[in-house]
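Before any comments, here is the structure.
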Amino acid sequence: MIYKRGRVYWYKFVWDGTTVRETTRQTNDKLARNMEAAHRTRLAKQRDEQKVRSEQLGCSRAELAQCPECEKWYDRQQAVAASDGHLVCSDACHDASDRRSRTIPTLRNFCEERFEPWAKATFEDTCLNNWYWFRAGTRRLKAYPAIADCRLDRITNESIAGFATHEKTRSQNRGRDKDDGRRGLAVSSINSTIRVLRRILRLAVEWGVIDVAPKLVLLPGERRRERVITREEEALYLAAAPPRLADVATVLVDTGLRPDECYRLRWENISWTNARNGSLLVTHGKTPSARRMIPMTSRVKAVLEMRWENANRPQEGWVWPAPTLSGHITHASLKKPHTRTFRTINAAVKQDETKPEQRIRTHEKSEPARQRIRPFILYAFRHTFLTRLGESGCDAWTLARIAGHSSISISSRYVHPSDDIVADAMARLGGHKIGHNTQTRQLDDRKDEPEVKQTEEEFWRARRDSNSRPIAPEAIALSS
């Protein structure tokens with residue numbers, strides 16, 4: 001029944017011994033009756049569902065309860081308690097309830113409490129540069145409040161665009177001298193920070209902090225390491241470098257090791273009998289694919305054998321020992337000798353340019369003049385080795401195995417064919433000009449053969465043989 005209380009209608013009825021009384025908030029009696037009928041229909045449908053579900057579960061209707069997550073009926077005796085205290089029907093609904101009620105941390109809190117301790121414990125002892133890379137990226141992210149104080153599930157490419165604009169326009173001293181000026185961060189450094197953020201979000205998904213990670217887009221215009229050292233530059237560098245630096249550079253340019261992998265070489269991982277000139281075993285590195293066996297060249301074997309003999313043939317220990325915390329040489333150990341090597345080379349070139357008469361008197365006029373060397377980093381030796389390996393005809397899979405890459409797409413960055421190799425490849429491509437292939441030559445030879453003409457009688461016989469329909473009388477008369 002419906003009744004009016006004030007200006008709105010209410011309805012009241014009894015269902016399974018329970019009185020149901022609700023307001024319709026309507027001033028029209030027809031709408032109020034329709035709402036009452038809809039409520040009765042809903043209760044009837046619910047009663048039928050309870051009856052079917054109780055028969056399936058083998059329990060009474062009184063023992064059934066409705067799950068607040070999936071709204072399905074389940075047996076109370078098999079209920080699962082959620083973290084907020086509510087009872088749900090299954091573990092899946094329990095996980096859904098936890099995701100809905102959990103508190104998602106900000107990027108700053110997640111980095112300080114979970115990500116940075118994980119990165120330090122994982123990479124500080126195995127690959128120190130990885131830990132330094134993650135630490136630098138998180139510091140740069142935490143310095144930008146718009147991202148640092150944002151929840152992990154609310155970080156989007158729009159936030160990244162704001163961060164990139166801030167880093168590009170923020171004045172910072174990137175040079176050693178005042179003449180270098182103050183300018184924003186380079187695109188490669190910004191993309192490096194974005195990669196750190198991408199790793200943070202993917203770990204948050206893996207650890208169940210968020211459901212899905214956004215697809216972050218890197219900035220265009222990043223400059224990659226594409227410096228390839230020539231044979232002349234290599235010879236000048238090895239001649240001017242100190243003995244230890246020259247030995248390290250020789251190993252890098254002939255094996256393609258990463259500098260850190262070269263610094264961590266140990267005598268027990270070097271075999272003098274494997275392969276033709278022995279081999280090196282890289283136990284760990286930047287990625288799991290970094291573990292590999294690399295054959296040595298004769299030059300690398302000579303360098304390492306000399307160091308092994310000078311060290312009284314040790315059975316174990318570092319190949320490049322140094323008084324550092326790690327016990328072996330690092331980037332800092334070779335930084336100053338590497339810089340002084342370029343100064344020595346360029347100073348000698350400058351001296352030759354300022355004293356041409358001396359070169360004439362010493363009969364050096366016939367020799368080509370030495371050129372200045374543009375400074376490069378030690379990692380360029382690895383890039384040079386892989387580039388030479390690619391130019392020698394090595395396939396991408398073998399190159400990735402030698403380089404310790406986890407993907408062939410990474411190996412393609414190190415292959416830069418020269419103009420001569422591209423020209424030779426195009427020259428080996430046969431049959432690309434019209435009129436110069438074998439089939440066209442055969443067609444040209446057929447032009448000289450005499451042309452055979454069919455008579456009218458042979459033409460009609462061919463038509464008759466190829467025609468599956470009954471032959472017309474006119475055609476029979478004409479052919480006879």
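Ordering of the structure tokens sets the chain letters (A, B, ...); residue numbers start at 1 within each chain; ligands are numbered from 1 in the order shown.
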In region 108-311 of chain A, DSSP helix (DSSP H, G or I) residues written as a PyMOL selection string: chain A and resi 108-123+128-142+145-148+152-154+157-169+178-180+187-206+231-240+243-255+259-263+267-269+288-290+298-310
Nearby residues (only C-alpha atoms) at most 12 Å from Glu49 (chain A), same-chain spacing under 5 positions excluded, as a compact mmCIF listing (two decimals) with C-alpha atoms, in the first residue's frame:
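Result file out_9.txt:
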# COMPACT_ATOMS: atom_id res chain seq x y z
CA ARG A 42 13.44 -7.30 -6.96
CA LEU A 43 12.78 -9.15 -3.71
CA ALA A 44 11.10 -12.00 -5.56
CA SER A 54 21.13 -22.90 -1.51
CA GLU A 55 20.40 -26.05 -3.50
CA GLN A 56 23.81 -25.77 -5.24
CA ARG A 61 18.67 -19.90 2.89
CA LEU A 64 23.48 -17.57 2.76
CA ALA A 65 25.05 -14.11 2.60
CA GLN A 66 25.67 -11.72 -0.28
CA GLU A 71 27.17 -9.45 -5.12
CA LYS A 72 26.92 -13.23 -5.32
CA TRP A 73 25.35 -15.46 -2.65
CA TYR A 74 27.71 -17.72 -0.71
Residues near region 129-139 of chain A, cut-off 10 Å, only C-alpha atoms, skip fewer than 2 positions along chain, as a PyMOL selection string: chain A and resi 107-108+111-112+115-116+118-127+141-144+148+189-197+199-200+260+285-287
Residue contacts of Trp10 (chain A) (10 Å, only C-alpha atoms) excluding same-chain residues fewer than 6 positions away, as a list in words: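 Counting only the stated atoms, we get Met1, Ile2, Tyr3, Lys4, Arg21, Glu22, Thr23, Thr24, Arg25, Gln26, Thr27, Asp29, Ala32, Arg33, Met35 and Glu36 of chain A.
CA of Thr255 (chain A) lies 15.0 Å from CA of Thr283 (chain A).
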Report as a Markdown table: every residue of region 287-382 of chain A with an atom at most 7 Å from region 396-414 of chain A, its closest pair of atoms, and their distance in Å to one decimal, counting only C-alpha atoms, with rows sorted by chain and ascending residue number.
| residue | atom | partner | partner_atom | distance |
| --- | --- | --- | --- | --- |
| A:Ser289 | CA | A:Gly404 | CA | 5.2 |
| A:Ala290 | CA | A:Gly404 | CA | 4.3 |
| A:Arg291 | CA | A:Gly404 | CA | 6.9 |
| A:Arg292 | CA | A:Gly404 | CA | 6.7 |
| A:Ile294 | CA | A:Ile402 | CA | 6.6 |
Point-to-point distance from CA of Arg114 (chain A) to CA of Arg198 (chain A), Å rounded to tenths: 15.3 Å
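For region 198-345 of chain A, backbone-based DSSP labels the following residues as strand (DSSP E or B): Arg266, Ile270, Ser271, Ser279, Leu280, Leu281, Val282, Arg292, Met293, Ile294, Pro295, Trp318, Pro321 and His328 of chain A.
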Show me, as a short mmCIF file (atom, residue, chain, number, x, y, z; two decimals) with C-alpha atoms, in the first residue's frame, the residues that have an atom within 8 Å of region 239-251 of chain A when counting only C-alpha atoms, minus same-chain residues fewer than 4 positions from it.
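Writing done, so here's around-v8.cif:
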data_model
loop_
_atom_site.label_atom_id
_atom_site.label_comp_id
_atom_site.auth_asym_id
_atom_site.auth_seq_id
_atom_site.Cartn_x
_atom_site.Cartn_y
_atom_site.Cartn_z
CA ALA A 235 97.57 3.55 -32.30
CA THR A 255 87.23 -8.03 -26.48
CA GLY A 256 84.38 -5.49 -26.32
CA LEU A 257 84.06 -5.79 -22.56
CA CYS A 262 87.21 -5.40 -17.45
CA ARG A 299 97.34 -9.13 -28.43
CA VAL A 300 95.12 -9.52 -25.36
CA VAL A 303 99.15 -8.23 -22.44
CA LEU A 334 91.88 5.96 -14.87
CA PRO A 337 95.61 9.32 -16.90
CA HIS A 338 92.98 9.15 -19.63
CA THR A 341 96.84 11.05 -22.67
CA THR A 344 100.02 14.60 -24.62
CA ILE A 345 98.85 13.61 -28.09
CA LEU A 378 86.75 4.46 -22.53
CA PHE A 381 86.50 1.13 -27.25
#
